[in-house]
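**Q** To be precise about what I am sending: the file is called input-v2.txt and holds compact mmCIF, C-alpha atoms and all ligand atoms.
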```txt
# COMPACT_ATOMS: atom_id res chain seq x y z
CA MET A 266 -36.71 -111.66 93.96
CA THR A 267 -34.52 -113.32 91.38
CA GLU A 268 -30.84 -112.59 91.57
CA ASN A 269 -29.26 -110.22 89.02
CA LEU A 270 -26.72 -112.35 87.19
CA ASN A 271 -25.38 -109.64 84.91
CA PRO A 272 -21.62 -109.95 85.59
CA PHE A 273 -20.99 -106.23 85.22
CA ALA A 274 -23.79 -105.37 87.67
CA ILE A 275 -22.14 -107.84 90.07
CA ALA A 276 -18.67 -106.33 89.54
CA GLN A 277 -20.08 -102.85 90.18
CA ALA A 278 -21.97 -103.99 93.29
CA GLN A 279 -18.77 -105.51 94.69
CA LEU A 280 -16.89 -102.28 94.03
CA ASP A 281 -19.71 -100.25 95.63
CA GLN A 282 -19.39 -102.30 98.79
CA ALA A 283 -15.61 -101.84 98.86
CA ALA A 284 -15.98 -98.10 98.23
CA GLY A 285 -18.34 -97.88 101.21
CA ILE A 286 -15.90 -99.64 103.54
CA LEU A 287 -12.98 -97.55 102.28
CA GLN A 288 -15.06 -94.37 102.42
CA LEU A 289 -13.73 -93.74 98.96
CA ASP A 290 -14.10 -90.24 97.56
CA PRO A 291 -17.39 -90.30 95.56
CA HIS A 292 -15.70 -88.93 92.43
CA MET A 293 -13.05 -91.62 92.57
CA HIS A 294 -15.77 -94.20 93.10
CA ALA A 295 -17.73 -92.94 90.10
CA PHE A 296 -14.59 -93.06 87.94
CA LEU A 297 -13.65 -96.61 89.01
CA ARG A 298 -17.21 -97.87 88.38
CA GLU A 299 -16.92 -97.50 84.59
CA PRO A 300 -14.50 -98.66 81.89
CA MET A 301 -12.19 -95.92 80.60
CA ARG A 302 -12.46 -97.10 76.99
CA GLU A 303 -14.25 -99.76 75.04
CA PHE A 304 -14.24 -100.82 71.41
CA HIS A 305 -16.96 -102.65 69.50
CA PHE A 306 -16.06 -104.35 66.24
CA SER A 307 -17.78 -106.22 63.43
CA ILE A 308 -15.37 -108.71 61.93
CA PRO A 309 -16.18 -110.23 58.53
CA VAL A 310 -14.71 -113.70 58.10
CA ARG A 311 -14.70 -115.83 54.96
CA MET A 312 -16.01 -119.22 56.07
CA ASP A 313 -14.98 -122.54 54.51
CA ASP A 314 -18.26 -122.75 52.58
CA GLY A 315 -17.42 -119.52 50.76
CA ASN A 316 -19.90 -117.32 52.64
CA VAL A 317 -18.85 -114.36 54.76
CA GLN A 318 -19.99 -114.38 58.38
CA THR A 319 -19.80 -111.25 60.51
CA PHE A 320 -18.74 -111.69 64.14
CA LYS A 321 -19.36 -109.20 66.94
CA ALA A 322 -16.28 -108.50 69.03
CA PHE A 323 -15.17 -106.24 71.88
CA ARG A 324 -12.12 -104.95 73.70
CA VAL A 325 -12.54 -103.10 76.97
CA GLN A 326 -9.66 -101.13 78.53
CA TYR A 327 -11.15 -100.80 81.97
CA ASN A 328 -8.39 -98.90 83.71
CA ASP A 329 -4.76 -98.27 82.75
CA ALA A 330 -3.62 -96.02 85.60
CA ARG A 331 -1.09 -98.59 86.89
CA GLY A 332 0.21 -99.65 83.48
CA PRO A 333 -0.93 -100.86 80.06
CA ALA A 334 -4.33 -102.57 80.07
CA LYS A 335 -3.92 -106.33 80.40
CA GLY A 336 -6.27 -109.24 79.98
CA GLY A 337 -7.33 -112.16 77.88
CA ILE A 338 -9.57 -112.54 74.86
CA ARG A 339 -12.52 -114.93 75.12
CA PHE A 340 -14.10 -116.75 72.20
CA HIS A 341 -17.52 -117.75 73.53
CA PRO A 342 -21.04 -117.98 72.07
CA ASP A 343 -22.59 -116.20 75.09
CA GLU A 344 -20.11 -113.32 75.17
CA THR A 345 -21.69 -109.91 75.81
CA ILE A 346 -20.25 -106.46 76.31
CA ASP A 347 -21.25 -106.62 79.98
CA THR A 348 -19.36 -109.87 80.48
CA VAL A 349 -16.27 -108.30 78.93
CA ARG A 350 -16.71 -105.16 81.07
CA ALA A 351 -16.91 -107.26 84.24
CA LEU A 352 -13.90 -109.36 83.29
CA ALA A 353 -11.93 -106.20 82.44
CA ALA A 354 -12.84 -104.70 85.83
CA TRP A 355 -11.72 -107.89 87.57
CA MET A 356 -8.43 -107.76 85.60
CA THR A 357 -7.90 -104.24 86.98
CA TRP A 358 -8.28 -105.52 90.54
CA LYS A 359 -6.26 -108.66 89.72
CA THR A 360 -3.16 -106.86 88.45
CA ALA A 361 -3.38 -104.55 91.45
CA VAL A 362 -3.77 -107.30 94.05
CA CYS A 363 -0.75 -109.22 92.73
CA ASP A 364 1.05 -105.92 92.31
CA VAL A 365 2.23 -106.11 88.72
CA PRO A 366 2.63 -102.76 86.91
CA LEU A 367 -0.35 -103.28 84.60
CA GLY A 368 -3.94 -102.13 84.26
CA GLY A 369 -7.00 -104.19 83.40
CA GLY A 370 -8.67 -105.04 80.10
CA LYS A 371 -10.49 -107.86 78.38
CA GLY A 372 -11.59 -108.84 74.90
CA GLY A 373 -14.28 -111.07 73.56
CA VAL A 374 -15.66 -112.44 70.33
CA VAL A 375 -19.18 -113.86 70.07
CA CYS A 376 -18.47 -117.17 68.36
CA ASN A 377 -18.37 -120.87 69.03
CA PRO A 378 -14.80 -122.01 68.42
CA ARG A 379 -15.90 -125.66 68.72
CA ASN A 380 -17.90 -125.33 65.51
CA MET A 381 -15.16 -123.59 63.52
CA SER A 382 -12.42 -125.14 61.39
CA PRO A 383 -8.76 -124.23 62.06
CA GLY A 384 -8.80 -122.06 58.91
CA GLU A 385 -11.91 -120.18 60.05
CA LEU A 386 -10.42 -119.68 63.51
CA GLU A 387 -7.20 -118.35 62.01
CA ARG A 388 -9.08 -115.86 59.81
CA LEU A 389 -11.21 -114.73 62.78
CA SER A 390 -8.12 -114.34 65.01
CA ARG A 391 -6.30 -112.31 62.36
CA GLY A 392 -9.46 -110.26 61.74
CA TYR A 393 -9.73 -109.51 65.46
CA MET A 394 -6.11 -108.34 65.57
CA ARG A 395 -6.59 -106.18 62.45
CA ALA A 396 -9.56 -104.52 64.16
CA VAL A 397 -7.84 -103.99 67.50
CA SER A 398 -4.23 -103.48 66.31
CA ARG A 399 -4.12 -99.70 66.56
CA PHE A 400 -5.46 -99.80 70.12
CA VAL A 401 -3.15 -102.47 71.58
CA GLY A 402 0.63 -102.57 72.05
CA LEU A 403 3.28 -103.15 74.68
CA LYS A 404 2.66 -99.67 76.09
CA ARG A 405 -1.12 -99.60 75.62
CA ASP A 406 -2.89 -102.88 76.06
CA VAL A 407 -1.57 -106.45 76.02
CA PRO A 408 -4.03 -109.31 75.29
CA ALA A 409 -3.65 -112.97 76.31
CA PRO A 410 -5.64 -116.22 76.17
CA ASP A 411 -8.83 -116.84 78.10
CA VAL A 412 -11.84 -119.16 77.72
CA GLY A 413 -11.94 -120.51 74.15
CA THR A 414 -8.54 -119.18 73.06
CA ASN A 415 -5.06 -120.73 73.27
CA PRO A 416 -1.39 -120.28 72.34
CA GLN A 417 -2.09 -121.04 68.64
CA ILE A 418 -4.63 -118.20 68.51
CA MET A 419 -2.12 -115.91 70.24
CA SER A 420 0.45 -116.86 67.55
CA TRP A 421 -1.87 -115.89 64.69
CA MET A 422 -2.71 -112.62 66.42
CA LEU A 423 0.94 -111.82 67.13
CA ASP A 424 1.87 -112.59 63.54
CA GLU A 425 -0.90 -110.35 62.20
CA TYR A 426 0.22 -107.51 64.45
CA GLU A 427 3.85 -107.87 63.38
CA VAL A 428 2.87 -108.04 59.69
CA ILE A 429 0.81 -104.85 60.06
CA ASN A 430 3.63 -103.01 61.84
CA GLY A 431 6.55 -104.49 59.92
CA GLU A 432 8.64 -105.40 62.96
CA HIS A 433 9.02 -107.97 65.69
CA ASP A 434 7.16 -107.04 68.84
CA PRO A 435 6.55 -110.22 70.84
CA GLY A 436 5.48 -108.43 74.02
CA VAL A 437 2.23 -107.23 72.43
CA ILE A 438 0.51 -110.44 73.43
CA THR A 439 1.20 -113.05 76.11
CA GLY A 440 0.46 -116.74 76.43
CA LYS A 441 2.42 -117.34 73.21
CA PRO A 442 4.16 -120.62 72.43
CA LEU A 443 7.79 -120.73 73.58
CA MET A 444 9.27 -120.44 70.07
CA LEU A 445 7.46 -117.13 69.53
CA GLY A 446 8.70 -115.64 72.80
CA GLY A 447 6.37 -117.25 75.29
CA SER A 448 7.46 -117.80 78.88
CA ALA A 449 8.31 -121.14 80.40
CA GLY A 450 5.59 -122.01 82.89
CA ARG A 451 2.89 -119.74 81.41
CA THR A 452 0.46 -122.50 80.46
CA PRO A 453 0.13 -124.02 83.96
CA ALA A 454 0.57 -120.61 85.65
CA THR A 455 -3.07 -119.88 86.57
CA ALA A 456 -3.50 -123.32 88.14
CA MET A 457 -0.06 -123.14 89.76
CA GLY A 458 -0.82 -119.75 91.35
CA GLY A 459 -4.09 -121.19 92.66
CA MET A 460 -2.20 -124.07 94.32
CA VAL A 461 0.00 -121.56 96.15
CA THR A 462 -3.10 -119.83 97.54
CA ILE A 463 -4.64 -123.18 98.58
CA ARG A 464 -1.39 -124.13 100.31
CA GLU A 465 -1.34 -120.84 102.23
CA ALA A 466 -5.06 -121.03 103.11
CA ALA A 467 -4.63 -124.59 104.42
CA LYS A 468 -1.77 -123.43 106.65
CA LEU A 469 -4.00 -120.72 108.13
CA LEU A 470 -6.86 -123.14 108.70
CA GLY A 471 -4.58 -125.85 110.09
CA MET A 472 -5.78 -128.22 107.41
CA ASP A 473 -3.70 -131.17 106.24
CA LEU A 474 -3.85 -131.28 102.44
CA LYS A 475 -2.39 -134.76 102.04
CA GLY A 476 -5.32 -136.95 101.06
CA ALA A 477 -7.84 -134.11 101.50
CA THR A 478 -10.64 -134.34 98.93
CA CYS A 479 -11.19 -131.97 96.04
CA ALA A 480 -13.70 -131.43 93.22
CA ILE A 481 -12.85 -129.39 90.12
CA GLN A 482 -15.43 -127.86 87.78
CA GLY A 483 -14.05 -127.30 84.26
CA TYR A 484 -11.34 -129.15 82.35
CA GLY A 485 -9.89 -126.50 80.06
CA ASN A 486 -6.36 -125.18 80.48
CA VAL A 487 -6.96 -124.11 84.07
CA GLY A 488 -9.06 -127.04 85.32
CA SER A 489 -6.88 -129.74 83.76
CA PHE A 490 -3.66 -128.26 85.19
CA ALA A 491 -5.42 -127.75 88.53
CA HIS A 492 -6.15 -131.49 88.56
CA ARG A 493 -2.54 -132.35 87.71
CA LEU A 494 -1.02 -129.98 90.28
CA ALA A 495 -3.55 -130.60 93.07
CA HIS A 496 -2.68 -134.28 92.74
CA ASP A 497 1.10 -134.03 92.18
CA LEU A 498 2.06 -131.00 94.29
CA LEU A 499 -0.50 -130.82 97.08
CA GLY A 500 -1.28 -134.54 97.36
CA LEU A 501 -5.03 -133.87 97.18
CA LYS A 502 -7.44 -136.65 96.31
CA VAL A 503 -9.39 -135.24 93.37
CA VAL A 504 -12.65 -137.20 93.53
CA ALA A 505 -14.64 -135.34 90.87
CA VAL A 506 -13.96 -133.31 87.72
CA SER A 507 -16.19 -132.02 84.95
CA ASP A 508 -16.27 -130.44 81.53
CA GLU A 509 -19.12 -128.72 79.70
CA PHE A 510 -20.65 -132.11 78.80
CA GLY A 511 -20.78 -133.66 82.27
CA ALA A 512 -18.97 -134.68 85.44
CA ILE A 513 -17.26 -137.83 86.72
CA TYR A 514 -16.61 -139.18 90.20
CA SER A 515 -14.35 -141.76 91.79
CA LYS A 516 -14.32 -142.42 95.52
CA ASN A 517 -10.63 -143.41 95.34
CA GLY A 518 -9.59 -140.31 93.41
CA LEU A 519 -9.15 -139.60 89.70
CA ASP A 520 -5.69 -139.93 88.18
CA PRO A 521 -4.89 -136.80 86.11
CA THR A 522 -2.97 -138.83 83.51
CA VAL A 523 -5.94 -141.14 82.94
CA VAL A 524 -8.48 -138.28 82.71
CA SER A 525 -6.24 -136.24 80.38
CA GLY A 526 -5.80 -139.31 78.19
CA GLN A 527 -9.58 -139.69 77.97
CA MET A 528 -9.90 -135.98 77.16
CA ARG A 529 -7.28 -136.22 74.41
CA ARG A 530 -8.91 -139.26 72.82
CA THR A 531 -12.58 -138.27 73.06
CA GLY A 532 -12.73 -134.55 73.84
CA LYS A 533 -14.63 -135.31 77.06
CA VAL A 534 -13.89 -136.46 80.61
CA GLY A 535 -16.99 -138.71 80.53
CA GLY A 536 -16.19 -142.40 80.06
CA THR A 537 -12.89 -142.25 82.00
CA PRO A 538 -12.14 -145.81 83.24
CA ASP A 539 -13.06 -146.51 86.89
CA SER A 540 -15.25 -143.43 87.17
CA GLU A 541 -18.97 -142.94 87.41
CA GLU A 542 -20.91 -140.18 85.69
CA ILE A 543 -22.52 -137.57 87.93
CA SER A 544 -24.21 -134.25 87.22
CA ASN A 545 -22.61 -130.83 87.39
CA SER A 546 -24.67 -129.96 90.47
CA GLN A 547 -23.65 -133.21 92.19
CA LEU A 548 -20.04 -132.19 91.64
CA LEU A 549 -20.56 -128.72 93.11
CA GLU A 550 -22.56 -130.00 96.07
CA MET A 551 -20.24 -132.85 97.00
CA PRO A 552 -18.87 -133.07 100.57
CA VAL A 553 -15.24 -132.27 99.71
CA ASP A 554 -12.56 -130.31 101.52
CA ILE A 555 -11.78 -128.12 98.53
CA LEU A 556 -14.04 -127.07 95.67
CA ILE A 557 -12.35 -125.48 92.65
CA PRO A 558 -14.66 -123.77 90.17
CA ALA A 559 -12.47 -123.46 87.05
CA ALA A 560 -15.05 -122.83 84.34
CA ILE A 561 -17.08 -119.66 83.90
CA GLU A 562 -19.01 -117.09 85.92
CA ASN A 563 -22.23 -117.52 87.96
CA GLN A 564 -21.84 -121.17 88.98
CA LEU A 565 -22.37 -120.69 92.73
CA THR A 566 -25.52 -118.62 93.21
CA GLY A 567 -28.37 -118.05 95.64
CA ALA A 568 -29.99 -121.12 94.07
CA ASN A 569 -27.36 -123.67 95.14
CA ALA A 570 -25.08 -122.00 97.72
CA ASP A 571 -26.83 -123.50 100.76
CA ARG A 572 -26.09 -127.00 99.40
CA ILE A 573 -22.32 -126.43 98.98
CA GLN A 574 -20.37 -128.48 101.52
CA ALA A 575 -16.72 -127.61 100.79
CA ARG A 576 -14.49 -126.10 103.49
CA ILE A 577 -12.47 -124.04 101.02
CA ILE A 578 -13.62 -122.67 97.67
CA ALA A 579 -10.64 -121.78 95.47
CA GLU A 580 -11.99 -119.69 92.62
CA LEU A 581 -9.80 -120.37 89.62
CA ALA A 582 -12.61 -119.17 87.32
CA ASN A 583 -13.48 -115.48 87.01
CA GLY A 584 -16.71 -114.53 88.77
CA PRO A 585 -17.96 -118.03 89.69
CA THR A 586 -19.72 -116.82 92.87
CA THR A 587 -22.56 -114.32 93.04
CA PRO A 588 -23.04 -111.85 95.94
CA GLU A 589 -26.04 -113.85 97.21
CA ALA A 590 -23.94 -117.01 97.35
CA ASP A 591 -21.18 -115.04 99.11
CA GLN A 592 -23.61 -114.13 101.89
CA ILE A 593 -24.57 -117.77 102.36
CA PHE A 594 -20.93 -118.92 102.36
CA LEU A 595 -20.14 -116.33 105.00
CA GLN A 596 -22.86 -117.76 107.25
CA LYS A 597 -21.66 -121.30 106.59
CA GLY A 598 -18.05 -120.35 107.39
CA ILE A 599 -16.66 -121.53 104.06
CA TYR A 600 -13.23 -120.08 103.36
CA ILE A 601 -13.21 -118.35 99.95
CA ILE A 602 -10.04 -117.70 97.99
CA PRO A 603 -11.56 -115.00 95.77
CA ASP A 604 -11.17 -115.19 92.01
CA PHE A 605 -8.93 -112.26 91.21
CA LEU A 606 -6.53 -113.40 93.93
CA CYS A 607 -6.77 -117.16 93.35
CA ASN A 608 -6.37 -116.97 89.56
CA ALA A 609 -3.79 -114.15 89.43
CA GLY A 610 -0.99 -116.61 88.58
CA GLY A 611 -1.80 -116.41 84.88
CA VAL A 612 -1.41 -112.68 84.60
CA SER A 613 1.62 -112.72 86.91
CA VAL A 614 3.46 -114.99 84.49
CA SER A 615 2.09 -112.92 81.58
CA TYR A 616 3.86 -109.99 83.18
CA PHE A 617 7.04 -112.09 83.46
CA GLU A 618 6.60 -112.96 79.77
CA MET A 619 6.45 -109.23 78.88
CA VAL A 620 9.57 -108.56 80.95
CA GLN A 621 11.47 -111.39 79.22
CA ASN A 622 10.28 -110.16 75.80
CA SER A 623 11.45 -106.65 76.52
CA TYR A 624 15.04 -107.70 77.17
CA GLY A 625 15.03 -110.74 74.91
CA TYR A 626 16.43 -113.03 77.57
CA TYR A 627 14.50 -115.98 78.91
CA TRP A 628 14.17 -117.51 82.34
CA THR A 629 14.03 -121.21 83.24
CA GLU A 630 10.75 -122.76 84.34
CA GLN A 631 12.15 -122.99 87.86
CA GLU A 632 12.95 -119.27 87.96
CA VAL A 633 9.43 -118.47 86.72
CA GLN A 634 7.90 -120.73 89.35
CA GLU A 635 9.92 -119.27 92.19
CA ARG A 636 8.92 -115.73 91.23
CA LEU A 637 5.29 -116.80 90.79
CA ASP A 638 5.24 -118.46 94.19
CA GLN A 639 6.64 -115.33 95.78
CA LYS A 640 4.08 -113.06 94.07
CA MET A 641 1.12 -115.25 94.98
CA THR A 642 2.24 -115.80 98.58
CA THR A 643 2.71 -112.06 99.08
CA ALA A 644 -0.68 -111.27 97.50
CA PHE A 645 -2.42 -113.94 99.58
CA HIS A 646 -1.03 -112.57 102.84
CA ALA A 647 -1.75 -108.93 101.94
CA VAL A 648 -5.39 -109.95 101.49
CA HIS A 649 -5.45 -112.08 104.62
CA LYS A 650 -3.97 -109.25 106.70
CA MET A 651 -6.58 -106.82 105.32
CA ALA A 652 -9.39 -109.29 106.14
CA GLU A 653 -8.14 -109.57 109.72
CA GLU A 654 -7.59 -105.85 110.21
CA ARG A 655 -10.91 -104.73 108.79
CA GLY A 656 -13.01 -107.75 109.82
CA VAL A 657 -14.26 -108.29 106.28
CA THR A 658 -14.59 -111.30 103.97
CA THR A 659 -11.60 -112.38 101.93
CA ARG A 660 -13.36 -111.13 98.77
CA MET A 661 -13.88 -107.68 100.28
CA ALA A 662 -10.32 -107.69 101.59
CA ALA A 663 -9.01 -108.40 98.08
CA TYR A 664 -11.11 -105.49 96.82
CA LEU A 665 -9.83 -103.18 99.53
CA VAL A 666 -6.18 -103.98 98.73
CA ALA A 667 -6.72 -103.63 94.96
CA VAL A 668 -8.98 -100.58 94.93
CA ASN A 669 -6.64 -98.73 97.31
CA ARG A 670 -3.70 -99.38 94.97
CA VAL A 671 -5.57 -98.31 91.83
CA ALA A 672 -7.10 -95.24 93.53
CA GLU A 673 -3.69 -94.10 94.82
CA THR A 674 -2.28 -94.24 91.31
CA VAL A 675 -5.29 -92.45 89.81
CA ARG A 676 -4.86 -89.74 92.44
CA ALA A 677 -1.11 -89.46 91.85
CA ARG A 678 -1.81 -88.92 88.16
CA GLY A 679 -4.23 -86.15 89.05
CA TRP A 680 -7.14 -87.76 87.18
CA VAL A 681 -9.53 -87.48 90.10
N1 LIG B 1 -7.18 -114.62 80.99
C1 LIG B 1 -6.37 -114.73 82.16
C2 LIG B 1 -7.07 -114.11 83.35
O1 LIG B 1 -8.27 -113.98 83.38
C3 LIG B 1 -4.96 -114.20 81.95
C4 LIG B 1 -4.87 -112.76 81.55
C5 LIG B 1 -3.48 -112.34 81.12
O2 LIG B 1 -2.55 -113.11 81.23
O3 LIG B 1 -3.39 -111.22 80.65
O4 LIG B 1 -6.46 -113.81 84.33
```
Just dump the structure as structure tokens.
**A**
Amino acid sequence: MTENLNPFAIAQAQLDQAAGILQLDPHMHAFLREPMREFHFSIPVRMDDGNVQTFKAFRVQYNDARGPAKGGIRFHPDETIDTVRALAAWMTWKTAVCDVPLGGGKGGVVCNPRNMSPGELERLSRGYMRAVSRFVGLKRDVPAPDVGTNPQIMSWMLDEYEVINGEHDPGVITGKPLMLGGSAGRTPATAMGGMVTIREAAKLLGMDLKGATCAIQGYGNVGSFAHRLAHDLLGLKVVAVSDEFGAIYSKNGLDPTVVSGQMRRTGKVGGTPDSEEISNSQLLEMPVDILIPAAIENQLTGANADRIQARIIAELANGPTTPEADQIFLQKGIYIIPDFLCNAGGVSVSYFEMVQNSYGYYWTEQEVQERLDQKMTTAFHAVHKMAEERGVTTRMAAYLVAVNRVAETVRARGWV
């Protein structure tokens, strides 16, 4: 039987398993299985050639029991409502596992930002905010960047929101540039949080990270900072990295400054001096100590899981591993740092950004990093303790911690 790769079906199946272990009340389970609200938009955008193109877009507010919905907006040609639903569900579990007072949401636009001019992207970003503006806000739902979006796009969206409402309101969106009220340390935060979890996992496993080997899939914001920090902070030897066009390998390790330089000049990691080109599957299947998927969902599946040789998989992407692959990794004894724990550093610093915006006073990068480290370390150990106590995988343990916290709040509110 072929594996169901619909991300929302996967997110629901994971929740179902957690609900079974927790013996969750069936009504609570039914409520947590579905998004609370979702919005579908058609956004007309004047293109540079004078024609108007209509883009499909979504915002899903999966659950806001613990606080305003929170989560990024993706610009991606393969975006679907089910992808956004899954990502919004994972945001709900992510904000709960790192214990920030926020719910979970996600947005998406079906578009290919690579084929759009800056002017077209600006008009699309402003159009998205016009469509969603009455449903978002500091006390309702706070978007942020994700795959295909960046601080510039957040700036246009913030500006549009403030123009519509006639007042400054920087906390309506996070991942902004510093001069618009962004937080120090937000851009590297997802990768930085992931490094904290790798450090803690290595301690548990008695693994020496100095000189340990690492492969990273994806070279966007998260993957490129993961390369930099794995190299500089953890002393890992990053032997392979990739982007959507291909992967590169160097036995002696890839220098993040050299690869970033190549990326800046050519838009690709391919062609980096002293590296050889390999395929994406060679990267994933390489005998490394640590594999970091930092791209998109469904990369480690029933089709390739038995060939994965890493000791630790640190999931900086959302949803990179399917349930079938999870089963195989369990048998192989690979230690998984599950996505909504491993990549919770981004939303943690987004929360810090909202806090700083609300009192208009800004922290230093060092203060942000100390608080981030504390949040991630605490979350990691809460999950580890749950895994030990209940004898479950780290992914299930993360679900148990998160679902318990969300369910308690839902119950306290009297919704179920
Ligand atoms: N898009 C990021 C994530 O998936 C960050 C979300 C946020 O900061 O709200 O975690």
**Q** Residues of chain A that approach ligand LIG 1 (chain B) to 9 Å or less, counting only C-alpha atoms and all ligand atoms: could you list each one with the shortest pair of atoms and its distance in Å to one decimal, rows by chain and increasing residue number, as a Markdown table?
**A**
```
| residue | atom | partner | partner_atom | distance |
| --- | --- | --- | --- | --- |
| A:Ala334 | CA | B:LIG1 | O3 | 8.7 |
| A:Lys335 | CA | B:LIG1 | O3 | 4.9 |
| A:Gly336 | CA | B:LIG1 | O3 | 3.6 |
| A:Gly337 | CA | B:LIG1 | N1 | 4.0 |
| A:Ile338 | CA | B:LIG1 | N1 | 6.9 |
| A:Arg339 | CA | B:LIG1 | N1 | 7.9 |
| A:Leu352 | CA | B:LIG1 | O1 | 7.3 |
| A:Ala353 | CA | B:LIG1 | O1 | 8.6 |
| A:Trp355 | CA | B:LIG1 | O1 | 8.2 |
| A:Met356 | CA | B:LIG1 | O4 | 6.5 |
| A:Lys359 | CA | B:LIG1 | O4 | 7.5 |
| A:Thr360 | CA | B:LIG1 | O4 | 8.7 |
| A:Gly369 | CA | B:LIG1 | O3 | 8.4 |
| A:Gly370 | CA | B:LIG1 | O3 | 8.1 |
| A:Lys371 | CA | B:LIG1 | N1 | 8.0 |
| A:Val407 | CA | B:LIG1 | O3 | 6.9 |
| A:Pro408 | CA | B:LIG1 | O3 | 5.7 |
| A:Ala409 | CA | B:LIG1 | O3 | 4.7 |
| A:Pro410 | CA | B:LIG1 | N1 | 5.3 |
| A:Asp411 | CA | B:LIG1 | N1 | 4.0 |
| A:Val412 | CA | B:LIG1 | N1 | 7.3 |
| A:Ile438 | CA | B:LIG1 | O3 | 8.2 |
| A:Thr439 | CA | B:LIG1 | O2 | 6.3 |
| A:Gly440 | CA | B:LIG1 | O2 | 6.7 |
| A:Arg451 | CA | B:LIG1 | O2 | 8.6 |
| A:Thr455 | CA | B:LIG1 | O4 | 7.3 |
| A:Ala582 | CA | B:LIG1 | O1 | 7.8 |
| A:Asn583 | CA | B:LIG1 | O1 | 6.5 |
| A:Phe605 | CA | B:LIG1 | O4 | 7.5 |
| A:Asn608 | CA | B:LIG1 | O4 | 6.1 |
| A:Ala609 | CA | B:LIG1 | O4 | 5.8 |
| A:Gly610 | CA | B:LIG1 | O4 | 7.5 |
| A:Gly611 | CA | B:LIG1 | C3 | 4.8 |
| A:Val612 | CA | B:LIG1 | O2 | 3.6 |
| A:Ser613 | CA | B:LIG1 | O2 | 7.1 |
| A:Val614 | CA | B:LIG1 | O2 | 7.1 |
| A:Ser615 | CA | B:LIG1 | O2 | 4.7 |
| A:Tyr616 | CA | B:LIG1 | O2 | 7.4 |
```
**Q** For the residues selected in the previous step, produce a file with C-alpha atoms as a JSON list (two decimals), keeping the file's coordinate frame.
**A**
```json
[["chain", "number", "residue", "atom", "x", "y", "z"],
["A", 334, "ALA", "CA", -4.33, -102.57, 80.07],
["A", 335, "LYS", "CA", -3.92, -106.33, 80.40],
["A", 336, "GLY", "CA", -6.27, -109.24, 79.98],
["A", 337, "GLY", "CA", -7.33, -112.16, 77.88],
["A", 338, "ILE", "CA", -9.57, -112.54, 74.86],
["A", 339, "ARG", "CA", -12.52, -114.93, 75.12],
["A", 352, "LEU", "CA", -13.90, -109.36, 83.29],
["A", 353, "ALA", "CA", -11.93, -106.20, 82.44],
["A", 355, "TRP", "CA", -11.72, -107.89, 87.57],
["A", 356, "MET", "CA", -8.43, -107.76, 85.60],
["A", 359, "LYS", "CA", -6.26, -108.66, 89.72],
["A", 360, "THR", "CA", -3.16, -106.86, 88.45],
["A", 369, "GLY", "CA", -7.00, -104.19, 83.40],
["A", 370, "GLY", "CA", -8.67, -105.04, 80.10],
["A", 371, "LYS", "CA", -10.49, -107.86, 78.38],
["A", 407, "VAL", "CA", -1.57, -106.45, 76.02],
["A", 408, "PRO", "CA", -4.03, -109.31, 75.29],
["A", 409, "ALA", "CA", -3.65, -112.97, 76.31],
["A", 410, "PRO", "CA", -5.64, -116.22, 76.17],
["A", 411, "ASP", "CA", -8.83, -116.84, 78.10],
["A", 412, "VAL", "CA", -11.84, -119.16, 77.72],
["A", 438, "ILE", "CA", 0.51, -110.44, 73.43],
["A", 439, "THR", "CA", 1.20, -113.05, 76.11],
["A", 440, "GLY", "CA", 0.46, -116.74, 76.43],
["A", 451, "ARG", "CA", 2.89, -119.74, 81.41],
["A", 455, "THR", "CA", -3.07, -119.88, 86.57],
["A", 582, "ALA", "CA", -12.61, -119.17, 87.32],
["A", 583, "ASN", "CA", -13.48, -115.48, 87.01],
["A", 605, "PHE", "CA", -8.93, -112.26, 91.21],
["A", 608, "ASN", "CA", -6.37, -116.97, 89.56],
["A", 609, "ALA", "CA", -3.79, -114.15, 89.43],
["A", 610, "GLY", "CA", -0.99, -116.61, 88.58],
["A", 611, "GLY", "CA", -1.80, -116.41, 84.88],
["A", 612, "VAL", "CA", -1.41, -112.68, 84.60],
["A", 613, "SER", "CA", 1.62, -112.72, 86.91],
["A", 614, "VAL", "CA", 3.46, -114.99, 84.49],
["A", 615, "SER", "CA", 2.09, -112.92, 81.58],
["A", 616, "TYR", "CA", 3.86, -109.99, 83.18]]
```
**Q** Which residue is closest to Phe273 (chain A)? Choose from A:Ala575, A:Ala351, A:Leu289, A:Leu606 and count all atoms listed in the file.
**A**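 That would be A:Ala351, the residue with the smallest distance to Phe273 (chain A).
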**Q** Nearest to Leu270 (chain A): which of A:His649, A:Val668, A:Trp680, A:Asp347 is it, counting all atoms listed in the file?
**A** A:Asp347
**Q** Please list as a count of residues only every residue within 8 Å of region 277-281 of chain A, counting all atoms listed in the file and excluding residues in the same chain fewer than 5 positions away.
**A** 5
**Q** Region 650-654 of chain A, all listed atoms, 4 Å padding on each side: what axis-aligned box centre and edge lengths in Å to one decimal come out, as AutoDock Vina command-line options?
**A**
```
--center_x -6.7 --center_y -107.7 --center_z 107.8 --size_x 13.4 --size_y 11.7 --size_z 12.9
```
**Q** Region 388-396 of chain A: which residues within 6 Å, counting only C-alpha atoms, same-chain residues fewer than 3 positions away excluded, as an MDAnalysis selection string?
**A** chainID A and resid 310 385 422 425
**Q** Could you please determine the separation between CA of Arg350 (chain A) and CA of Ala295 (chain A) in Å, to one decimal place?
**A**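 Value for the CA of Arg350 (chain A)-CA of Ala295 (chain A) distance: 15.2 Å.
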